[in-house]
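Asker: Here you go, protein.cif (mmCIF, C-alpha atoms and all ligand atoms):
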data_query
#
loop_
_atom_site.label_atom_id
_atom_site.label_comp_id
_atom_site.auth_asym_id
_atom_site.auth_seq_id
_atom_site.Cartn_x
_atom_site.Cartn_y
_atom_site.Cartn_z
CA MET A 1 -17.47 89.64 25.61
CA ALA A 2 -13.83 89.96 24.43
CA ALA A 3 -13.97 93.71 24.98
CA LEU A 4 -15.33 93.21 28.48
CA GLN A 5 -12.63 90.68 29.28
CA ALA A 6 -9.94 93.10 28.20
CA ILE A 7 -10.87 95.67 30.83
CA LEU A 8 -11.47 93.36 33.79
CA PRO A 9 -8.69 92.71 36.32
CA ASN A 10 -6.47 89.64 36.31
CA TYR A 11 -8.52 87.80 38.91
CA PHE A 12 -12.12 86.72 38.86
CA THR A 13 -14.11 86.10 42.00
CA LEU A 14 -16.86 83.84 43.28
CA ALA A 15 -19.39 86.58 42.72
CA ASN A 16 -19.19 85.89 38.97
CA VAL A 17 -20.16 82.27 39.31
CA SER A 18 -23.67 80.92 39.29
CA SER A 19 -24.19 77.99 41.66
CA SER A 20 -26.02 76.08 38.92
CA SER A 21 -24.02 73.26 37.45
CA SER A 22 -26.09 72.80 34.34
CA ILE A 23 -26.04 74.75 31.13
CA SER A 24 -29.29 76.35 30.13
CA ALA A 25 -30.04 78.88 27.45
CA LYS A 26 -32.34 80.70 29.87
CA ARG A 27 -29.91 80.84 32.79
CA PRO A 28 -26.38 80.79 31.39
CA VAL A 29 -23.39 80.18 33.65
CA THR A 30 -20.80 82.86 33.06
CA ILE A 31 -17.33 82.77 34.41
CA THR A 32 -15.26 85.82 33.66
CA CYS A 33 -11.63 84.93 33.54
CA CYS A 34 -9.42 87.59 32.07
CA ALA A 35 -5.96 86.15 32.48
CA SER A 36 -6.57 83.45 29.91
CA PRO A 37 -9.74 84.02 27.91
CA ALA A 38 -8.94 81.04 25.72
CA THR A 39 -9.53 78.68 28.62
CA SER A 40 -13.01 79.96 29.40
CA PHE A 41 -15.79 78.67 27.21
CA PRO A 42 -18.99 80.50 28.05
CA ALA A 43 -21.86 78.12 28.67
CA SER A 44 -24.04 80.34 26.51
CA ALA A 45 -21.85 79.44 23.52
CA ALA A 46 -22.62 75.78 24.09
CA ALA A 47 -26.31 76.55 24.32
CA GLU A 48 -26.18 78.59 21.12
CA ALA A 49 -24.38 75.79 19.36
CA LEU A 50 -27.02 73.34 20.48
CA ASN A 51 -29.65 75.53 18.94
CA GLY A 52 -28.67 74.26 15.56
CA SER A 53 -25.21 74.68 14.04
CA ALA A 54 -24.51 70.94 13.67
CA VAL A 55 -24.12 69.99 10.05
CA GLU A 56 -26.14 66.99 8.90
CA ARG A 57 -23.75 64.17 8.10
CA SER A 58 -23.91 60.43 7.76
CA GLU A 59 -20.51 59.45 9.16
CA VAL A 60 -19.99 59.14 12.90
CA ARG A 61 -17.15 61.17 14.38
CA ILE A 62 -15.13 60.29 17.44
CA GLY A 63 -12.61 62.74 18.90
CA LEU A 64 -9.37 61.32 20.31
CA PRO A 65 -6.57 63.26 22.05
CA SER A 66 -4.13 64.43 19.38
CA LYS A 67 -1.13 64.60 21.74
CA GLY A 68 -0.20 64.74 25.38
CA ARG A 69 -0.60 62.20 28.15
CA MET A 70 -3.77 60.56 26.91
CA ALA A 71 -2.92 60.16 23.21
CA SER A 72 -0.92 56.94 23.02
CA GLU A 73 -2.85 55.11 25.75
CA THR A 74 -6.11 55.87 23.95
CA LEU A 75 -4.79 54.33 20.74
CA ASP A 76 -3.43 51.35 22.68
CA LEU A 77 -6.80 50.73 24.35
CA LEU A 78 -8.65 50.88 21.03
CA LYS A 79 -6.10 48.54 19.47
CA ASP A 80 -6.68 46.07 22.31
CA CYS A 81 -10.38 46.24 21.43
CA GLN A 82 -9.53 45.36 17.79
CA LEU A 83 -10.21 48.94 16.77
CA SER A 84 -6.86 49.99 15.33
CA VAL A 85 -6.76 53.58 14.18
CA ARG A 86 -5.26 53.91 10.72
CA GLN A 87 -3.38 57.20 10.71
CA VAL A 88 -1.00 57.61 7.80
CA ASN A 89 1.14 60.26 9.52
CA PRO A 90 0.97 62.00 12.91
CA ARG A 91 0.23 65.41 11.35
CA GLN A 92 -2.99 64.09 9.85
CA TYR A 93 -5.94 65.02 12.04
CA VAL A 94 -8.49 62.68 10.53
CA ALA A 95 -8.20 58.91 10.39
CA LYS A 96 -10.30 55.76 10.05
CA ILE A 97 -10.94 52.65 12.07
CA PRO A 98 -11.43 50.03 9.34
CA GLN A 99 -13.51 47.73 11.58
CA ILE A 100 -16.32 50.33 11.78
CA SER A 101 -16.80 51.62 8.27
CA ASN A 102 -18.77 54.78 8.96
CA LEU A 103 -16.53 55.92 11.83
CA GLU A 104 -14.18 58.86 11.43
CA VAL A 105 -11.51 59.63 14.00
CA TRP A 106 -10.68 63.29 14.59
CA PHE A 107 -7.52 64.02 16.57
CA GLN A 108 -8.07 67.07 18.75
CA ARG A 109 -6.80 68.65 21.98
CA PRO A 110 -8.82 67.19 24.89
CA LYS A 111 -10.61 70.46 25.69
CA ASP A 112 -11.54 70.88 22.01
CA ILE A 113 -13.06 67.40 21.97
CA VAL A 114 -15.50 68.49 24.68
CA ARG A 115 -16.20 71.81 22.95
CA LYS A 116 -16.86 70.05 19.65
CA LEU A 117 -19.18 67.54 21.28
CA LEU A 118 -21.18 70.51 22.53
CA THR A 119 -21.26 72.22 19.15
CA GLY A 120 -22.24 69.01 17.35
CA ASP A 121 -18.99 68.73 15.35
CA LEU A 122 -18.15 65.47 17.13
CA ASP A 123 -20.49 62.69 18.22
CA LEU A 124 -18.25 60.72 20.58
CA GLY A 125 -14.99 61.40 22.36
CA ILE A 126 -12.42 59.90 24.70
CA VAL A 127 -10.96 62.35 27.24
CA GLY A 128 -10.35 62.66 30.98
CA LEU A 129 -13.37 63.14 33.24
CA ASP A 130 -11.69 66.34 34.48
CA THR A 131 -11.82 67.79 30.96
CA VAL A 132 -15.46 66.78 30.44
CA SER A 133 -16.40 68.34 33.79
CA GLU A 134 -14.44 71.55 33.25
CA TYR A 135 -15.33 72.29 29.64
CA GLY A 136 -18.74 70.60 29.63
CA GLN A 137 -19.75 72.66 32.67
CA GLY A 138 -22.34 70.11 33.73
CA SER A 139 -24.14 70.22 30.40
CA PRO A 140 -26.91 67.61 30.14
CA GLU A 141 -25.97 67.36 26.45
CA LEU A 142 -22.91 65.28 27.34
CA ILE A 143 -23.47 61.72 28.43
CA ILE A 144 -20.73 59.54 29.86
CA VAL A 145 -20.99 56.17 28.12
CA HIS A 146 -18.06 54.45 29.88
CA ASP A 147 -16.79 56.05 33.07
CA MET A 148 -13.72 53.89 33.79
CA LEU A 149 -11.40 53.26 30.89
CA GLU A 150 -8.65 52.54 33.41
CA TYR A 151 -5.92 54.97 32.37
CA GLY A 152 -5.24 58.70 32.81
CA ASP A 153 -5.88 58.39 36.55
CA CYS A 154 -5.47 61.62 38.48
CA ARG A 155 -7.39 63.86 40.86
CA LEU A 156 -8.17 67.55 40.81
CA SER A 157 -7.06 68.70 44.20
CA LEU A 158 -6.52 71.86 46.23
CA ALA A 159 -3.01 72.25 47.65
CA ILE A 160 -1.39 74.74 49.98
CA PRO A 161 2.17 75.30 51.25
CA LYS A 162 3.41 73.09 54.09
CA TYR A 163 5.01 76.11 55.73
CA GLY A 164 4.15 79.55 57.12
CA ILE A 165 0.52 80.37 58.00
CA PHE A 166 -0.55 76.99 56.57
CA GLU A 167 1.74 74.87 58.72
CA ASN A 168 -1.10 73.55 60.90
CA VAL A 169 -3.83 73.65 58.26
CA ASN A 170 -4.63 70.15 57.01
CA SER A 171 -8.27 70.20 55.96
CA ILE A 172 -10.53 72.34 53.85
CA SER A 173 -12.64 73.19 56.91
CA GLN A 174 -9.54 74.53 58.68
CA LEU A 175 -8.77 76.60 55.58
CA VAL A 176 -12.33 78.00 55.57
CA GLN A 177 -12.01 78.96 59.22
CA MET A 178 -8.77 80.91 58.80
CA PRO A 179 -9.42 84.54 59.75
CA GLN A 180 -6.98 85.87 57.16
CA TRP A 181 -9.39 85.76 54.18
CA THR A 182 -11.46 88.91 53.69
CA SER A 183 -12.95 90.69 50.71
CA GLU A 184 -9.91 93.01 50.67
CA LYS A 185 -7.46 90.13 51.06
CA PRO A 186 -9.02 86.99 49.57
CA LEU A 187 -7.39 83.55 49.37
CA ARG A 188 -5.56 83.63 46.04
CA VAL A 189 -5.87 80.37 44.11
CA ALA A 190 -3.98 79.61 40.91
CA THR A 191 -5.78 77.14 38.65
CA GLY A 192 -6.45 76.18 35.06
CA PHE A 193 -9.91 74.98 36.15
CA THR A 194 -11.84 78.22 35.95
CA TYR A 195 -15.25 76.55 36.07
CA LEU A 196 -14.75 73.73 38.59
CA GLY A 197 -12.50 75.78 40.89
CA PRO A 198 -14.96 78.56 41.79
CA LYS A 199 -17.86 76.09 41.96
CA PHE A 200 -15.98 73.88 44.42
CA MET A 201 -14.88 76.78 46.62
CA LYS A 202 -18.40 78.08 46.77
CA GLU A 203 -19.74 74.66 47.74
CA LYS A 204 -17.12 74.41 50.48
CA GLY A 205 -18.13 77.80 51.90
CA LEU A 206 -14.95 79.69 51.01
CA GLU A 207 -16.36 83.13 50.46
CA HIS A 208 -13.33 85.29 49.88
CA VAL A 209 -11.41 83.72 47.02
CA ALA A 210 -9.71 85.20 43.98
CA PHE A 211 -8.56 83.00 41.13
CA SER A 212 -5.73 83.46 38.70
CA THR A 213 -4.89 81.24 35.76
CA ALA A 214 -1.76 79.97 34.08
CA ASP A 215 -1.16 77.22 31.57
CA GLY A 216 1.41 75.25 33.55
CA ALA A 217 3.86 75.13 36.44
CA LEU A 218 1.13 76.23 38.84
CA GLU A 219 3.02 74.60 41.71
CA ALA A 220 5.53 77.47 41.54
CA ALA A 221 2.90 80.13 42.29
CA PRO A 222 2.89 79.96 46.14
CA ALA A 223 6.69 80.09 46.41
CA MET A 224 6.72 82.92 43.89
CA GLY A 225 4.21 84.79 46.02
CA THR A 226 1.58 85.05 43.29
CA ALA A 227 -0.93 82.66 44.94
CA ASP A 228 -1.71 81.22 48.37
CA ALA A 229 -3.01 77.89 47.05
CA ILE A 230 -3.25 75.95 43.79
CA LEU A 231 -5.98 73.80 42.33
CA ASP A 232 -4.44 71.35 39.86
CA LEU A 233 -4.25 67.75 38.74
CA VAL A 234 -2.25 65.38 40.90
CA SER A 235 -1.33 61.81 40.10
CA SER A 236 1.85 60.59 41.82
CA GLY A 237 2.02 63.67 44.09
CA THR A 238 5.69 64.20 43.21
CA THR A 239 5.27 67.71 41.83
CA LEU A 240 3.47 68.85 44.99
CA ARG A 241 6.11 67.29 47.23
CA GLU A 242 8.97 68.79 45.24
CA ASN A 243 7.39 72.21 45.66
CA ASN A 244 6.70 71.91 49.38
CA LEU A 245 2.94 71.78 48.93
CA LYS A 246 0.35 69.50 50.55
CA GLU A 247 -3.18 68.38 49.71
CA LEU A 248 -6.05 68.98 52.11
CA GLU A 249 -8.52 66.58 53.64
CA GLY A 250 -11.78 67.24 51.79
CA GLY A 251 -9.90 69.15 49.08
CA VAL A 252 -10.35 66.75 46.17
CA VAL A 253 -12.71 68.27 43.59
CA LEU A 254 -12.90 65.11 41.50
CA GLU A 255 -11.21 61.81 40.78
CA SER A 256 -10.56 61.45 37.09
CA GLN A 257 -9.68 58.84 34.50
CA ALA A 258 -10.28 58.47 30.79
CA VAL A 259 -13.96 58.20 29.83
CA LEU A 260 -16.02 57.68 26.66
CA VAL A 261 -18.47 60.52 26.26
CA ALA A 262 -21.27 61.05 23.75
CA SER A 263 -23.29 63.97 22.46
CA LYS A 264 -26.83 63.27 23.65
CA ARG A 265 -28.34 65.02 20.69
CA ALA A 266 -26.25 63.04 18.16
CA VAL A 267 -27.19 59.74 19.79
CA ILE A 268 -30.88 60.59 19.92
CA GLU A 269 -31.18 62.06 16.45
CA ARG A 270 -28.93 59.76 14.41
CA SER A 271 -29.36 56.02 14.67
CA ALA A 272 -25.86 55.43 13.22
CA VAL A 273 -24.38 57.19 16.25
CA LEU A 274 -26.39 55.00 18.63
CA THR A 275 -25.32 51.81 16.82
CA THR A 276 -21.66 52.84 16.75
CA THR A 277 -21.77 53.83 20.42
CA HIS A 278 -23.15 50.39 21.25
CA GLU A 279 -20.40 48.63 19.29
CA ILE A 280 -17.59 50.68 20.83
CA LEU A 281 -19.01 50.26 24.33
CA GLU A 282 -19.43 46.52 23.84
CA ARG A 283 -15.82 46.13 22.71
CA LEU A 284 -14.51 48.31 25.55
CA GLU A 285 -16.51 46.47 28.21
CA ALA A 286 -15.54 43.06 26.87
CA HIS A 287 -11.85 43.95 26.85
CA LEU A 288 -11.72 45.85 30.17
CA ARG A 289 -13.59 43.11 32.01
CA ALA A 290 -11.24 40.49 30.61
CA VAL A 291 -7.96 42.24 31.43
CA GLY A 292 -8.60 41.94 35.14
CA GLN A 293 -9.01 38.15 34.99
CA PHE A 294 -7.32 34.87 34.08
CA THR A 295 -8.78 31.60 32.85
CA VAL A 296 -7.70 28.76 35.13
CA THR A 297 -8.03 25.13 34.11
CA ALA A 298 -7.21 22.14 36.30
CA ASN A 299 -7.89 18.45 36.67
CA MET A 300 -9.67 17.12 39.71
CA LYS A 301 -10.38 13.57 40.80
CA GLY A 302 -14.01 12.97 41.75
CA ARG A 303 -17.00 10.64 41.88
CA SER A 304 -19.23 12.89 39.75
CA ALA A 305 -19.32 16.37 38.22
CA GLU A 306 -21.71 17.47 41.00
CA GLU A 307 -19.39 16.26 43.74
CA VAL A 308 -16.45 18.15 42.14
CA ALA A 309 -18.69 21.24 41.81
CA GLU A 310 -19.55 21.06 45.53
CA ARG A 311 -15.85 21.12 46.42
CA ILE A 312 -15.09 24.03 44.06
CA LEU A 313 -18.05 26.14 45.13
CA SER A 314 -17.08 25.72 48.79
CA GLN A 315 -14.05 27.95 48.05
CA PRO A 316 -14.73 31.70 47.92
CA SER A 317 -12.25 32.55 45.08
CA LEU A 318 -13.31 29.76 42.74
CA SER A 319 -16.86 30.55 41.75
CA GLY A 320 -15.92 32.08 38.34
CA LEU A 321 -18.18 34.34 36.30
CA GLN A 322 -21.30 32.26 36.83
CA GLY A 323 -19.84 29.05 38.25
CA PRO A 324 -17.25 26.49 37.15
CA THR A 325 -17.44 24.60 33.86
CA ILE A 326 -16.79 20.92 34.63
CA SER A 327 -16.24 18.27 31.97
CA PRO A 328 -15.46 14.56 32.36
CA VAL A 329 -12.00 13.36 31.28
CA PHE A 330 -12.49 9.97 29.62
CA CYS A 331 -9.84 7.28 29.75
CA LYS A 332 -9.70 3.59 29.01
CA ARG A 333 -8.85 1.09 31.75
CA ASP A 334 -9.01 -2.70 31.41
CA GLY A 335 -10.77 -2.22 28.09
CA LYS A 336 -13.49 0.01 29.61
CA VAL A 337 -14.08 3.74 29.17
CA ILE A 338 -14.19 5.29 32.60
CA VAL A 339 -14.19 8.74 34.22
CA ASP A 340 -11.90 9.30 37.20
CA TYR A 341 -11.02 12.92 36.60
CA TYR A 342 -12.87 16.08 35.68
CA ALA A 343 -11.44 19.10 33.86
CA ILE A 344 -12.56 22.35 35.41
CA VAL A 345 -12.46 25.83 33.90
CA ILE A 346 -12.98 29.00 35.93
CA CYS A 347 -12.22 32.71 35.59
CA VAL A 348 -10.41 34.30 38.52
CA LEU A 349 -9.51 37.90 39.27
CA LYS A 350 -5.81 38.55 38.61
CA LYS A 351 -5.38 39.88 42.10
CA ASP A 352 -6.81 36.65 43.54
CA LEU A 353 -4.77 34.28 41.34
CA TYR A 354 -2.38 32.88 43.90
CA THR A 355 -5.09 32.41 46.55
CA SER A 356 -7.25 30.67 43.97
CA VAL A 357 -4.46 28.31 42.93
CA GLN A 358 -3.83 27.45 46.59
CA GLN A 359 -7.55 26.82 47.15
CA LEU A 360 -7.70 24.63 44.04
CA ARG A 361 -4.75 22.54 45.19
CA GLY A 362 -6.27 22.34 48.67
CA ILE A 363 -9.36 20.58 47.25
CA GLY A 364 -7.40 18.18 45.02
CA GLY A 365 -6.73 20.25 41.88
CA SER A 366 -3.69 19.28 39.77
CA GLY A 367 -2.18 20.31 36.45
CA VAL A 368 -3.29 23.91 36.97
CA LEU A 369 -2.97 25.98 33.76
CA VAL A 370 -3.39 29.77 33.77
CA SER A 371 -4.03 31.73 30.56
CA PRO A 372 -4.87 35.37 29.88
CA LEU A 373 -8.41 36.29 28.90
CA THR A 374 -8.91 38.56 25.91
CA TYR A 375 -12.62 39.40 25.96
CA ILE A 376 -15.67 38.69 28.08
CA PHE A 377 -18.81 39.47 26.10
CA ASP A 378 -21.96 39.64 28.19
CA ALA A 379 -25.48 39.26 26.81
CA GLU A 380 -25.48 43.07 26.87
CA PRO A 381 -22.77 45.39 28.23
CA PRO A 382 -23.81 46.29 31.80
CA ARG A 383 -23.36 50.00 31.08
CA TRP A 384 -25.68 49.97 28.04
CA ALA A 385 -28.94 49.81 29.98
CA ASP A 386 -27.70 52.58 32.22
CA PHE A 387 -26.78 54.69 29.18
CA LEU A 388 -30.22 54.20 27.61
CA THR A 389 -31.89 55.20 30.88
CA ARG A 390 -29.89 58.40 30.99
CA LEU A 391 -30.84 59.08 27.37
CA GLY A 392 -34.45 58.84 28.41
CA HIS A 393 -35.19 55.71 26.34
N1 LIG A 401 -0.51 64.07 36.46
C1 LIG A 401 -1.35 64.49 35.54
N2 LIG A 401 -1.35 65.77 35.20
C2 LIG A 401 -2.16 66.21 34.25
N3 LIG A 401 -3.04 65.47 33.58
C3 LIG A 401 -3.10 64.18 33.90
C4 LIG A 401 -2.26 63.64 34.87
N4 LIG A 401 -2.52 62.37 34.94
C5 LIG A 401 -3.49 62.11 34.07
N5 LIG A 401 -3.86 63.22 33.41
C6 LIG A 401 -4.92 63.31 32.39
O1 LIG A 401 -4.33 63.81 31.19
C7 LIG A 401 -5.04 64.96 30.74
C8 LIG A 401 -4.03 65.99 30.29
O2 LIG A 401 -3.53 65.62 29.10
P1 LIG A 401 -2.69 66.70 28.30
O3 LIG A 401 -1.57 67.17 29.14
O4 LIG A 401 -2.40 66.11 27.00
O5 LIG A 401 -3.81 67.74 28.07
P2 LIG A 401 -3.97 69.24 28.34
O6 LIG A 401 -2.99 69.73 29.34
O7 LIG A 401 -5.44 69.43 28.57
O8 LIG A 401 -3.61 69.71 26.90
P3 LIG A 401 -3.35 71.10 26.31
O9 LIG A 401 -1.89 71.06 26.06
O10 LIG A 401 -4.21 71.06 25.12
O11 LIG A 401 -3.79 72.14 27.32
C9 LIG A 401 -5.79 65.51 31.92
O12 LIG A 401 -6.95 66.19 31.50
C10 LIG A 401 -6.05 64.28 32.74
O13 LIG A 401 -7.28 63.72 32.35
O1 LIG A 402 1.32 64.33 40.77
P1 LIG A 402 2.28 64.30 39.65
O2 LIG A 402 2.51 62.93 39.11
O3 LIG A 402 3.56 64.99 39.97
O4 LIG A 402 1.62 65.08 38.40
C1 LIG A 402 1.07 66.37 38.56
C2 LIG A 402 1.63 67.34 37.59
O5 LIG A 402 1.43 66.87 36.25
C3 LIG A 402 0.77 67.89 35.51
O6 LIG A 402 1.64 68.71 34.91
P2 LIG A 402 2.32 68.37 33.52
O7 LIG A 402 3.43 67.42 33.73
O8 LIG A 402 1.27 67.92 32.56
O9 LIG A 402 2.90 69.74 33.12
P3 LIG A 402 2.22 71.18 33.10
O10 LIG A 402 2.66 71.84 34.36
O11 LIG A 402 2.80 71.78 31.87
O12 LIG A 402 0.74 71.01 33.02
C4 LIG A 402 -0.03 68.64 36.55
O13 LIG A 402 -0.37 69.94 36.08
C5 LIG A 402 0.90 68.66 37.72
O14 LIG A 402 1.81 69.71 37.64
#
I'd like the structure from this file rewritten - as C-alpha cells, please.
Ligand SMILES: Nc1ncnc2c1ncn2[C@@H]1O[C@H](COP(=O)(O)OP(=O)(O)OP(=O)(O)O)[C@@H](O)[C@H]1O
Ligand SMILES: O=P(O)(O)OC[C@H]1O[C@H](OP(=O)(O)OP(=O)(O)O)[C@H](O)[C@@H]1O
Answerer:
Amino acid sequence: MAALQAILPNYFTLANVSSSSSISAKRPVTITCCASPATSFPASAAAEALNGSAVERSEVRIGLPSKGRMASETLDLLKDCQLSVRQVNPRQYVAKIPQISNLEVWFQRPKDIVRKLLTGDLDLGIVGLDTVSEYGQGSPELIIVHDMLEYGDCRLSLAIPKYGIFENVNSISQLVQMPQWTSEKPLRVATGFTYLGPKFMKEKGLEHVAFSTADGALEAAPAMGTADAILDLVSSGTTLRENNLKELEGGVVLESQAVLVASKRAVIERSAVLTTTHEILERLEAHLRAVGQFTVTANMKGRSAEEVAERILSQPSLSGLQGPTISPVFCKRDGKVIVDYYAIVICVLKKDLYTSVQQLRGIGGSGVLVSPLTYIFDAEPPRWADFLTRLGH
C-alpha cells in the first residue's frame, strides 16, 4: 500500500471511491490519497483490526482529546458531571476518574481516538462528529451514544472564491452545472477530509473532481492558485470571509459537535463497558438537560392547590417538566392555622425565563426566586433505549 501510494500523483479522484458508506471486510472502501498518507486510514485496516487484535482487559478505556480545541471543554464537561479527570501532569497520557473505579482515561489526538475504537484499544471516546464520520468511514462498529454534547460546534462545508468565475455561483447545483469541469480539467478541491469529501461530491453529482490535501491553512489554496474550492470546518465563518471565500447553498457535508461514541463490540462483549457507558450517559444527560433550565419558585394566593394549578397550567411557559409542584403555605391567624398562599415550584427553559416570570406575575405570583439547576435525572436517560436498540438488544 505504502509503495503504491508513493508512485501515485498528488491528487486522487472520485474513481477511487466506493459509494458504500459502510466498512465491510468483503467490500472494503479504499481511498488513495498520496499527498498525506497519514490522514488516510484504509477501511480494510479497521476490518482487520475487528477480526481480533483487541487485547482482553478488565478496565474500561475512554479516549479524550489530548490537546487542541476540544481538550479543555471535554474536561470541563466531565467535571460538571462530577467526573473529574485526575491527571498528574499534562504530559501523562493515561489518567483516572476516581468516581468510576474501573475507568481509564487515555489522552489521544481526536483522529486516533476513532482509530483506536476501531482497533479495540479504546472502548469509549469523546470527539467531534466530523472526526467520527471521517475516520470511522461509516463503520457499523462505532455507535454514537450521545450525539449533542453541546460544544465543538462547527460544520464541514464546501467553499469557493467570491470572485472570478465563481462570482455568480451560490449553490452546489450551480457549481455542478458549470461547464468548466472536465476530466482533463477537474474542479480542484483542497481538503483534509479525504473520505467524506469524495463521498459528498459523488452524491452531489460532481463528476470531475480532484482532491488535494494539506494539514492546515486550506483557505489560502484558491488565492494561491493550487485549488478552486476548499472543503473544511467552519464555525464563525471569519476565516472564510478573511480569505474572500463563500459557502454554497447545499454545500454543508455535516453539522458537527462533540459526541460520545462507543465501540459496539466492546459494549456487546464486555458487561463492564455497557455498565460504564450507562453511567457516563446518565450523568451527561442529567447535566446537559439541567443546564438549559432554571428552577423557579413563587408564592401565589389561592382558594385551593387545584385552583392555583388551573391558573398556572393556563400559561404556556409554566408547565414545568411534568407540571408544577404546589404546596400549601401554613400560617396562623386569630389562633387558627390557615392556608392563604401556595408555594409553587416549576422548571423553565433559560431562554423562556423572562416570559415565564411575566406570566407568573400576571396570574398573581409574588416573591419569585430563580435558581440554577444542576442535574435532572430521568427514570432512564432518553438516549439509553435508543442506544440499546441500535446495539440490537
Ligand atoms: N472552527 C473549527 N475548526 C476546526 N475544528 C473545530 C472548529 N470548531 C470546532 N471544531 C472541532 O474541533 C476539532 C478539531 O480539534 P483539533 O484542532 O484539536 O483537532 P485536529 O485538527 O483533528 O487535531 P490534529 O492536530 O491532531 O490534526 C474538530 O474535529 C471539530 O470537531
Ligand atoms: O469559521 P472559523 O471560526 O473562522 O473557523 C474555521 C477555521 O478553524 C479551523 O482552523 P484552525 O484554527 O484549527 O487552524 P488550522 O488551519 O491549523 O486547522 C478550520 O480549519 C478553519 O480554518
Asker: Taking into account only C-alpha atoms, which residue in the set A:Asn243, A:Gln137, A:Gln108, A:Thr355 is nearest to Met70 of chain A?
Answerer: A:Gln108
Asker: Give, as lines of an AutoDock Vina configuration file, the centre coordinates and the x, y and z edge lengths in Å to one decimal for an axis-aligned box around all listed atoms of segment 296-301 of chain A, padded by 8 Å on each side.
Answerer:
center_x = -8.8
center_y = 21.2
center_z = 37.5
size_x = 19.2
size_y = 31.2
size_z = 22.7
Asker: Within 7 Å of ligand LIG 401 (chain A), counting all atoms listed in the file, which protein or nucleic acid residues do you find, written as JSON, numbers by chain?
Answerer: {"A": [67, 68, 69, 70, 109, 110, 111, 127, 128, 129, 130, 131, 152, 153, 154, 233, 234, 235, 236, 256, 257, 258]}
Asker: I need the residues from that last selection saved to file as a JSON list (two decimals), keeping the file's coordinate frame (with C-alpha atoms), if you can.
Answerer:
[["chain", "number", "residue", "atom", "x", "y", "z"],
["A", 67, "LYS", "CA", -1.13, 64.60, 21.74],
["A", 68, "GLY", "CA", -0.20, 64.74, 25.38],
["A", 69, "ARG", "CA", -0.60, 62.20, 28.15],
["A", 70, "MET", "CA", -3.77, 60.56, 26.91],
["A", 109, "ARG", "CA", -6.80, 68.65, 21.98],
["A", 110, "PRO", "CA", -8.82, 67.19, 24.89],
["A", 111, "LYS", "CA", -10.61, 70.46, 25.69],
["A", 127, "VAL", "CA", -10.96, 62.35, 27.24],
["A", 128, "GLY", "CA", -10.35, 62.66, 30.98],
["A", 129, "LEU", "CA", -13.37, 63.14, 33.24],
["A", 130, "ASP", "CA", -11.69, 66.34, 34.48],
["A", 131, "THR", "CA", -11.82, 67.79, 30.96],
["A", 152, "GLY", "CA", -5.24, 58.70, 32.81],
["A", 153, "ASP", "CA", -5.88, 58.39, 36.55],
["A", 154, "CYS", "CA", -5.47, 61.62, 38.48],
["A", 233, "LEU", "CA", -4.25, 67.75, 38.74],
["A", 234, "VAL", "CA", -2.25, 65.38, 40.90],
["A", 235, "SER", "CA", -1.33, 61.81, 40.10],
["A", 236, "SER", "CA", 1.85, 60.59, 41.82],
["A", 256, "SER", "CA", -10.56, 61.45, 37.09],
["A", 257, "GLN", "CA", -9.68, 58.84, 34.50],
["A", 258, "ALA", "CA", -10.28, 58.47, 30.79]]
Asker: Can I get the residues close to ligand LIG 402 (chain A) as a ChimeraX atom specification, where close means within 7 Å and we count all atoms listed in the file?
Answerer: /A:215-219,232-240
Asker: Any idea what's packed within 10 Å of Gly250 of chain A, counting all atoms listed in the file, ignoring anything in its chain fewer than 2 positions away? Could you give it as a PDB file with C-alpha atoms, in the coordinates of the input?
Answerer:
ATOM      1  CA  SER A 157      -7.060  68.700  44.200  1.00  0.00           C
ATOM      2  CA  LEU A 158      -6.520  71.860  46.230  1.00  0.00           C
ATOM      3  CA  ASN A 170      -4.630  70.150  57.010  1.00  0.00           C
ATOM      4  CA  SER A 171      -8.270  70.200  55.960  1.00  0.00           C
ATOM      5  CA  ILE A 172     -10.530  72.340  53.850  1.00  0.00           C
ATOM      6  CA  SER A 173     -12.640  73.190  56.910  1.00  0.00           C
ATOM      7  CA  LYS A 204     -17.120  74.410  50.480  1.00  0.00           C
ATOM      8  CA  GLU A 247      -3.180  68.380  49.710  1.00  0.00           C
ATOM      9  CA  LEU A 248      -6.050  68.980  52.110  1.00  0.00           C
ATOM     10  CA  VAL A 252     -10.350  66.750  46.170  1.00  0.00           C
ATOM     11  CA  VAL A 253     -12.710  68.270  43.590  1.00  0.00           C
TER      12      VAL A 253
END
Asker: Please identify all polymer residues within 10 Å of segment 369-374 of chain A, counting only C-alpha atoms, omitting same-chain residues fewer than 4 positions from it, and present them as a PyMOL selection string.
Answerer: chain A and resi 80-81+286-299+345-348+350+353+357
Asker: Quick one: everything within 10 Å of Leu175 of chain A, counting all atoms listed in the file, minus sequence neighbours fewer than 2 positions away in the same chain. Send it as a count of residues only.
Answerer: 17
